[in-house]
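Okay, so here's the structure we're looking at.
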There are 2 protein chains.
Amino acid sequence: MGPDGSGVLPFRTVGIVGVGLIGGSLGLAIRERNLARRVVGIGRRQSSLDRAVAVGAIDEATLDITAGLADSELTILATPVGVMEELAAAAVAAMPRGGFLTDVGSTKAQLVRVLEHVAGDQCRYVGAHPMAGSEKRGVDEARAGLFDGTLCFITPTTHSDPMATRAITEFWQRLGTRVRVISPAEHDRLVAFASHLPHLAAAAIVNVVPGDALGCAGGGFRDTTRVASGDPRMWADVCLQNRDRILEALGNFSNEVRTLRDILSDGDEHELLAWLEGAKAIRDHYVAP
Amino acid sequence: MGPDGSGVLPFRTVGIVGVGLIGGSLGLAIRERNLARRVVGIGRRQSSLDRAVAVGAIDEATLDITAGLADSELTILATPVGVMEELAAAAVAAMPRGGFLTDVGSTKAQLVRVLEHVAGDQCRYVGAHPMAGSEKRGVDEARAGLFDGTLCFITPTTHSDPMATRAITEFWQRLGTRVRVISPAEHDRLVAFASHLPHLAAAAIVNVVPGDALGCAGGGFRDTTRVASGDPRMWADVCLQNRDRILEALGNFSNEVRTLRDILSDGDEHELLAWLEGAKAIRDHYVAP
């Protein structure tokens with residue numbers, strides 16, 4: 001490793017805790033890009049671990065986190081955020097002292113605070129959040145290209161080891177993501193709007209459409225509500241961890257729907273057109289077709 | 001034609017007024033499935049008509065609706081709903097007496113009332129609405145398979161000629177759609193929830209996400225808001241024509257978002273999980289993966 005944390009790659013051993021869609025895709029991408037000599041997957045179910053080995057996502061598998069992380073230079077927590085705190089404690093106890101620890105959780109402020117505390121002086125933790133995923137789950141959905149060209153947040157704090165920040169940053173860059181280094185709090189504000197609000201709005205749409213109307217839904221409904229098929233357990237944890245920011249986003253959203261209802265009640269064609277044109281212009285500007 | 005309106009296909013001449021995404025796709029599908037011997041496209045811009053001929057969507061093109069519909073056994077209005085009333089009057093004046101007239105507008109109650117009045121005794125009008133489309137526009141986006149397997153509403157009233165209803169129904173069945181015959185009012189209630197609400201919610205999401213958060217939007221945001229890139233002019237017309245039903249849907253939606261905010265404010269994990277699980281169960285049941 002260089003004195004600035006560069007040149008740390010490839011790692012000798014990377015441990016991935018949780019080999020589902022994200023963990024499995026990470027393993028595939030790490031192996032394809034030769035970012036580690038050995039990838040060890042740790043999971044709760046032997047069947048998932050067997051599948052992860054079968055599809056080539058990991059070199060070795062174990063149900064035993066202590067044995068699995070004994071040589072881990074970099075440990076990546078890739079489970080739902082709800083169980084990360086508990087697993088982090090086991091990971092820190094198992095890892096070599098001074099090893100790197102990171103996670104891929106979709107919320108950061110609360111999680112980073114806890115994981116930094118858990119890591120203590122034993123290992124060097126820096127949080128990350130790749131903006132990649134799917135409403136689907138499991139290692140059978142994993143693919144090496146999942147992270148290609150996506151955005152990945154790295155969320156160091158004043159407590160972070162700068163060398164760890166650089167190593168995790170380089171790691172995600174080598175995985176093909178566009179890295180953005182940002183504070184945990186700022187991260188949570190951004191994803192509350194860009195990710196959590198669309199998710200909850202999609203679920204709210206599904207919940208109010210009457211059954212007979214659901215039966216005639218077309219492509220617009222399908223795409224608008226796709227994320228509502230995501231894992232409820234995972235999303236409940238995300239919502240509770242980022243509750244204040246999400247409430248802020250939902251408050252703004254409610255006001256915007258109120259504005260639209262007023263425009264529509266007034267039957268004001270020009271205002272309605274301007275409102276729709278505004279949304280189209282923003283989306284066309286920010287989202288590639 | 002049989003006495004029940006069956007066996008009317010193929011038509012000798014079909015006239016399509018408006019050769020954009022929908023009109024162009026209709027022309028391609030009609031020609032591919034041999035549902036007419038001749039397809040005439042009527043448009044406002046020569047360049048679009050030239051493209052429609054070039055891609056094989058129509059046999060002949062004209063800017064002159066009177067000349068274009070002189071032999072039309074079936075005329076399909078495939079323009080935005082906002083200009084259909086005006087074009088229907090010109091179409092009825094141009095068509096052979098007793099010819100079939102239909103449209104593909106996304107709202108029905110108000111439009112059907114007006115078009116039935118315009119058609120009078122001159123031609124036999126029955127409304128239709130294929131639930132197919134895209135946020136994209138223009139004949140270059142047209143494709144013969146656009147309607148395959150989609151739902152198509154046919155919206156006759158007590159004033160409709162039963163033979164015309166059967167002919168239009170058979171026409172859309174032969175185009176590969178699943179036909180559902182329903183009243184215009186019932187149609188408008190269903191699409192207010194299944195189509196117009198998702199569209200407006202998507203636009204509202206786009207309008208409240210701050211610029212810096214838009215810059216880090218991922219796949220969830222992209223899909224959830226796709227429809228917000230649709231044509232504002234077309235959607236403003238749809239919203240105004242189906243205003244009361246949409247206001248009802250938006251009212252229910254606002255209440256649902258209120259419910260969610262209350263659950264989240266309370267931090268009630270079980271209620272939140274149940275709310276998210278409900279949405280997932282409904283969507284997974286109604287939308288094919």
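Letters A, B, ... go to the chains of the structure tokens in the order shown; residues in each chain start at 1; ligands are counted from 1 in the same order.
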Run DSSP on the backbone and grab whatever in region 88-203 of chain B lands in strand (DSSP E or B); send it over as a PDB file with N, CA and C atoms, in the first residue's frame.
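So states16.pdb came out as:
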ATOM      1  N   PHE B 100     -67.450   3.983 -40.484  1.00  0.00           N
ATOM      2  CA  PHE B 100     -67.129   3.859 -39.061  1.00  0.00           C
ATOM      3  C   PHE B 100     -66.125   4.932 -38.650  1.00  0.00           C
ATOM      4  N   LEU B 101     -66.368   5.504 -37.478  1.00  0.00           N
ATOM      5  CA  LEU B 101     -65.445   6.495 -36.925  1.00  0.00           C
ATOM      6  C   LEU B 101     -65.077   6.053 -35.516  1.00  0.00           C
ATOM      7  N   THR B 102     -63.790   6.103 -35.194  1.00  0.00           N
ATOM      8  CA  THR B 102     -63.366   5.798 -33.827  1.00  0.00           C
ATOM      9  C   THR B 102     -62.213   6.721 -33.454  1.00  0.00           C
ATOM     10  N   ASP B 103     -61.750   6.599 -32.241  1.00  0.00           N
ATOM     11  CA  ASP B 103     -60.631   7.431 -31.791  1.00  0.00           C
ATOM     12  C   ASP B 103     -59.820   6.612 -30.804  1.00  0.00           C
ATOM     13  N   ARG B 124     -70.915   6.224 -38.137  1.00  0.00           N
ATOM     14  CA  ARG B 124     -71.161   5.425 -36.933  1.00  0.00           C
ATOM     15  C   ARG B 124     -69.940   5.445 -36.031  1.00  0.00           C
ATOM     16  N   TYR B 125     -70.058   6.184 -34.944  1.00  0.00           N
ATOM     17  CA  TYR B 125     -68.921   6.398 -34.050  1.00  0.00           C
ATOM     18  C   TYR B 125     -68.983   5.480 -32.822  1.00  0.00           C
ATOM     19  N   GLY B 127     -66.112   4.913 -29.501  1.00  0.00           N
ATOM     20  CA  GLY B 127     -64.797   5.284 -28.971  1.00  0.00           C
ATOM     21  C   GLY B 127     -63.964   4.082 -28.573  1.00  0.00           C
ATOM     22  N   ALA B 128     -62.664   4.265 -28.562  1.00  0.00           N
ATOM     23  CA  ALA B 128     -61.746   3.211 -28.124  1.00  0.00           C
ATOM     24  C   ALA B 128     -60.554   3.855 -27.421  1.00  0.00           C
ATOM     25  N   HIS B 129     -59.878   3.063 -26.612  1.00  0.00           N
ATOM     26  CA  HIS B 129     -58.660   3.548 -25.946  1.00  0.00           C
ATOM     27  C   HIS B 129     -57.706   2.391 -25.712  1.00  0.00           C
ATOM     28  N   PRO B 130     -56.731   2.233 -26.600  1.00  0.00           N
ATOM     29  CA  PRO B 130     -55.706   1.204 -26.361  1.00  0.00           C
ATOM     30  C   PRO B 130     -54.741   1.703 -25.281  1.00  0.00           C
ATOM     31  N   LEU B 151     -54.241  -3.907 -23.218  1.00  0.00           N
ATOM     32  CA  LEU B 151     -55.682  -3.799 -23.029  1.00  0.00           C
ATOM     33  C   LEU B 151     -56.218  -2.690 -23.920  1.00  0.00           C
ATOM     34  N   CYS B 152     -57.366  -2.929 -24.554  1.00  0.00           N
ATOM     35  CA  CYS B 152     -58.006  -1.862 -25.328  1.00  0.00           C
ATOM     36  C   CYS B 152     -59.454  -1.731 -24.884  1.00  0.00           C
ATOM     37  N   PHE B 153     -59.804  -0.541 -24.399  1.00  0.00           N
ATOM     38  CA  PHE B 153     -61.190  -0.267 -24.025  1.00  0.00           C
ATOM     39  C   PHE B 153     -61.994   0.103 -25.262  1.00  0.00           C
ATOM     40  N   ILE B 154     -63.190  -0.444 -25.374  1.00  0.00           N
ATOM     41  CA  ILE B 154     -64.168  -0.003 -26.370  1.00  0.00           C
ATOM     42  C   ILE B 154     -65.328   0.556 -25.557  1.00  0.00           C
ATOM     43  N   THR B 155     -65.759   1.779 -25.879  1.00  0.00           N
ATOM     44  CA  THR B 155     -66.700   2.475 -25.001  1.00  0.00           C
ATOM     45  C   THR B 155     -67.988   2.882 -25.711  1.00  0.00           C
ATOM     46  N   ARG B 178     -56.268  -7.115 -25.894  1.00  0.00           N
ATOM     47  CA  ARG B 178     -57.344  -7.702 -25.091  1.00  0.00           C
ATOM     48  C   ARG B 178     -58.425  -6.634 -24.977  1.00  0.00           C
ATOM     49  N   VAL B 179     -59.580  -6.882 -25.599  1.00  0.00           N
ATOM     50  CA  VAL B 179     -60.617  -5.857 -25.642  1.00  0.00           C
ATOM     51  C   VAL B 179     -61.511  -5.921 -24.410  1.00  0.00           C
ATOM     52  N   ARG B 180     -61.807  -4.759 -23.862  1.00  0.00           N
ATOM     53  CA  ARG B 180     -62.766  -4.681 -22.757  1.00  0.00           C
ATOM     54  C   ARG B 180     -63.814  -3.633 -23.115  1.00  0.00           C
ATOM     55  N   VAL B 181     -65.072  -4.060 -23.191  1.00  0.00           N
ATOM     56  CA  VAL B 181     -66.169  -3.148 -23.538  1.00  0.00           C
ATOM     57  C   VAL B 181     -66.749  -2.592 -22.238  1.00  0.00           C
TER      58      VAL B 181
END
I want to know what sits within 8 Å of Asn242 (chain B), based on only C-alpha atoms, with residues of the same chain fewer than 2 positions away left out; could you give that as a compact mmCIF listing (two decimals) with C-alpha atoms, in the first residue's frame?
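Written out: part04.txt:
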# COMPACT_ATOMS: atom_id res chain seq x y z
CA THR B 107 -60.29 10.03 -21.85
CA ALA B 109 -66.80 10.51 -21.17
CA GLN B 110 -66.61 14.07 -22.44
CA ASP B 188 -62.64 7.39 -17.05
CA ALA B 192 -57.94 8.14 -13.49
CA VAL B 238 -56.33 14.58 -20.57
CA CYS B 239 -56.34 16.12 -17.08
CA LEU B 240 -58.91 18.73 -17.97
CA ASP B 244 -63.39 15.26 -11.61
CA ARG B 245 -62.23 11.66 -11.62
CA ILE B 246 -58.60 12.69 -11.33
Define the interface residues of chain A facing chain B as those within 7 Å, counting only C-alpha atoms, and report them as a compact mmCIF listing (two decimals) with C-alpha atoms, in the first residue's frame.
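This went into part05.txt:
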# COMPACT_ATOMS: atom_id res chain seq x y z
CA MET A 131 -26.99 3.57 -6.08
CA ALA A 132 -27.64 0.24 -7.73
CA LEU A 151 -23.19 6.57 -8.61
CA LEU A 190 -30.19 13.50 -1.07
CA VAL A 191 -31.48 9.91 -1.07
CA PHE A 193 -35.64 12.83 -2.17
CA ALA A 194 -33.98 10.90 -5.00
CA SER A 195 -34.74 7.38 -3.81
CA PRO A 198 -40.14 7.80 -5.21
CA ALA A 203 -46.27 2.24 -2.79
CA ALA A 204 -48.92 4.86 -1.99
CA ILE A 205 -50.13 4.75 -5.61
CA VAL A 206 -50.45 0.97 -5.48
CA ASN A 207 -52.33 1.21 -2.18
CA VAL A 208 -55.02 3.59 -3.48
CA VAL A 209 -55.76 2.13 -6.90
CA ALA A 213 -58.45 -0.40 -11.99
CA LEU A 214 -55.36 -2.46 -11.15
CA GLY A 215 -56.64 -5.04 -13.60
CA CYS A 216 -56.31 -2.58 -16.46
CA ALA A 217 -53.01 -0.98 -15.60
CA GLY A 218 -50.59 -0.43 -18.47
CA GLY A 220 -47.11 3.69 -17.10
CA PHE A 221 -48.42 2.08 -13.94
CA ARG A 222 -45.96 -0.80 -14.23
CA ASP A 223 -42.89 1.45 -14.41
CA THR A 224 -44.09 4.08 -11.96
CA THR A 225 -44.72 1.46 -9.29
CA VAL A 227 -39.98 -0.17 -6.84
CA ALA A 228 -43.08 -0.89 -4.73
CA SER A 229 -42.31 -4.58 -5.30
CA GLY A 230 -39.09 -4.17 -3.33
CA PRO A 232 -40.71 -4.50 2.62
CA ARG A 233 -38.40 -5.53 5.48
CA ALA A 236 -39.03 -0.46 6.56
CA LEU A 240 -37.00 4.24 10.06
CA ARG A 243 -37.22 9.00 9.10
CA LEU A 247 -40.82 13.08 6.51
CA ASN A 252 -42.84 18.80 0.38
CA PHE A 253 -44.42 16.17 -1.84
CA SER A 254 -47.82 16.53 -0.13
CA GLU A 256 -46.87 19.76 -4.36
CA VAL A 257 -49.85 17.41 -4.77
CA ARG A 261 -55.14 19.71 -6.94
CA LEU A 264 -56.88 21.24 -11.44
CA GLY A 267 -59.32 24.26 -14.30
CA GLU A 269 -55.12 25.30 -18.41
CA LEU A 272 -51.55 23.10 -15.52
CA LEU A 273 -49.54 23.15 -18.72
CA LEU A 276 -46.48 19.61 -16.48
CA GLU A 277 -43.89 21.35 -18.67
CA ALA A 279 -41.71 18.44 -14.61
CA LYS A 280 -40.88 17.28 -18.12
CA ILE A 282 -36.51 18.81 -15.18
CA ARG A 283 -36.72 15.10 -15.87
CA ASP A 284 -35.47 15.38 -19.45
CA TYR A 286 -31.47 15.06 -15.41
CA VAL A 287 -32.37 11.61 -16.67
Taking the chain letters and numbering used in this document, name the residues of region 118-152 of chain B that DSSP puts in helix (DSSP H, G or I), as a short mmCIF file (atom, residue, chain, number, x, y, z; two decimals) with N, CA and C atoms, in the first residue's frame.
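Saved result, states.cif, follows:
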data_model
loop_
_atom_site.label_atom_id
_atom_site.label_comp_id
_atom_site.auth_asym_id
_atom_site.auth_seq_id
_atom_site.Cartn_x
_atom_site.Cartn_y
_atom_site.Cartn_z
N VAL B 118 -71.16 15.00 -32.97
CA VAL B 118 -70.57 15.41 -34.25
C VAL B 118 -70.89 14.36 -35.33
N ALA B 119 -70.80 13.10 -34.97
CA ALA B 119 -71.05 12.03 -35.95
C ALA B 119 -72.51 12.04 -36.40
N VAL B 139 -43.71 9.46 -35.35
CA VAL B 139 -43.83 8.23 -36.13
C VAL B 139 -42.53 7.43 -36.13
N ASP B 140 -41.40 8.08 -35.87
CA ASP B 140 -40.15 7.33 -35.83
C ASP B 140 -40.08 6.39 -34.62
N GLU B 141 -40.92 6.63 -33.64
CA GLU B 141 -41.00 5.74 -32.48
C GLU B 141 -42.03 4.63 -32.69
N ALA B 144 -45.00 -1.87 -35.06
CA ALA B 144 -46.18 -2.69 -35.30
C ALA B 144 -46.63 -3.43 -34.05
N GLY B 145 -45.70 -3.75 -33.15
CA GLY B 145 -46.04 -4.55 -31.99
C GLY B 145 -46.51 -3.75 -30.78
N LEU B 146 -46.69 -2.44 -30.95
CA LEU B 146 -47.00 -1.58 -29.78
C LEU B 146 -48.24 -2.06 -29.02
N PHE B 147 -49.21 -2.62 -29.74
CA PHE B 147 -50.48 -2.96 -29.09
C PHE B 147 -50.57 -4.42 -28.64
#
Could you pull the residues within 9 Å of Ser160 (chain B), counting only C-alpha atoms, minus those fewer than 4 positions along the same chain, as number ranges by chain?
B: 116, 124-126, 156, 164-165
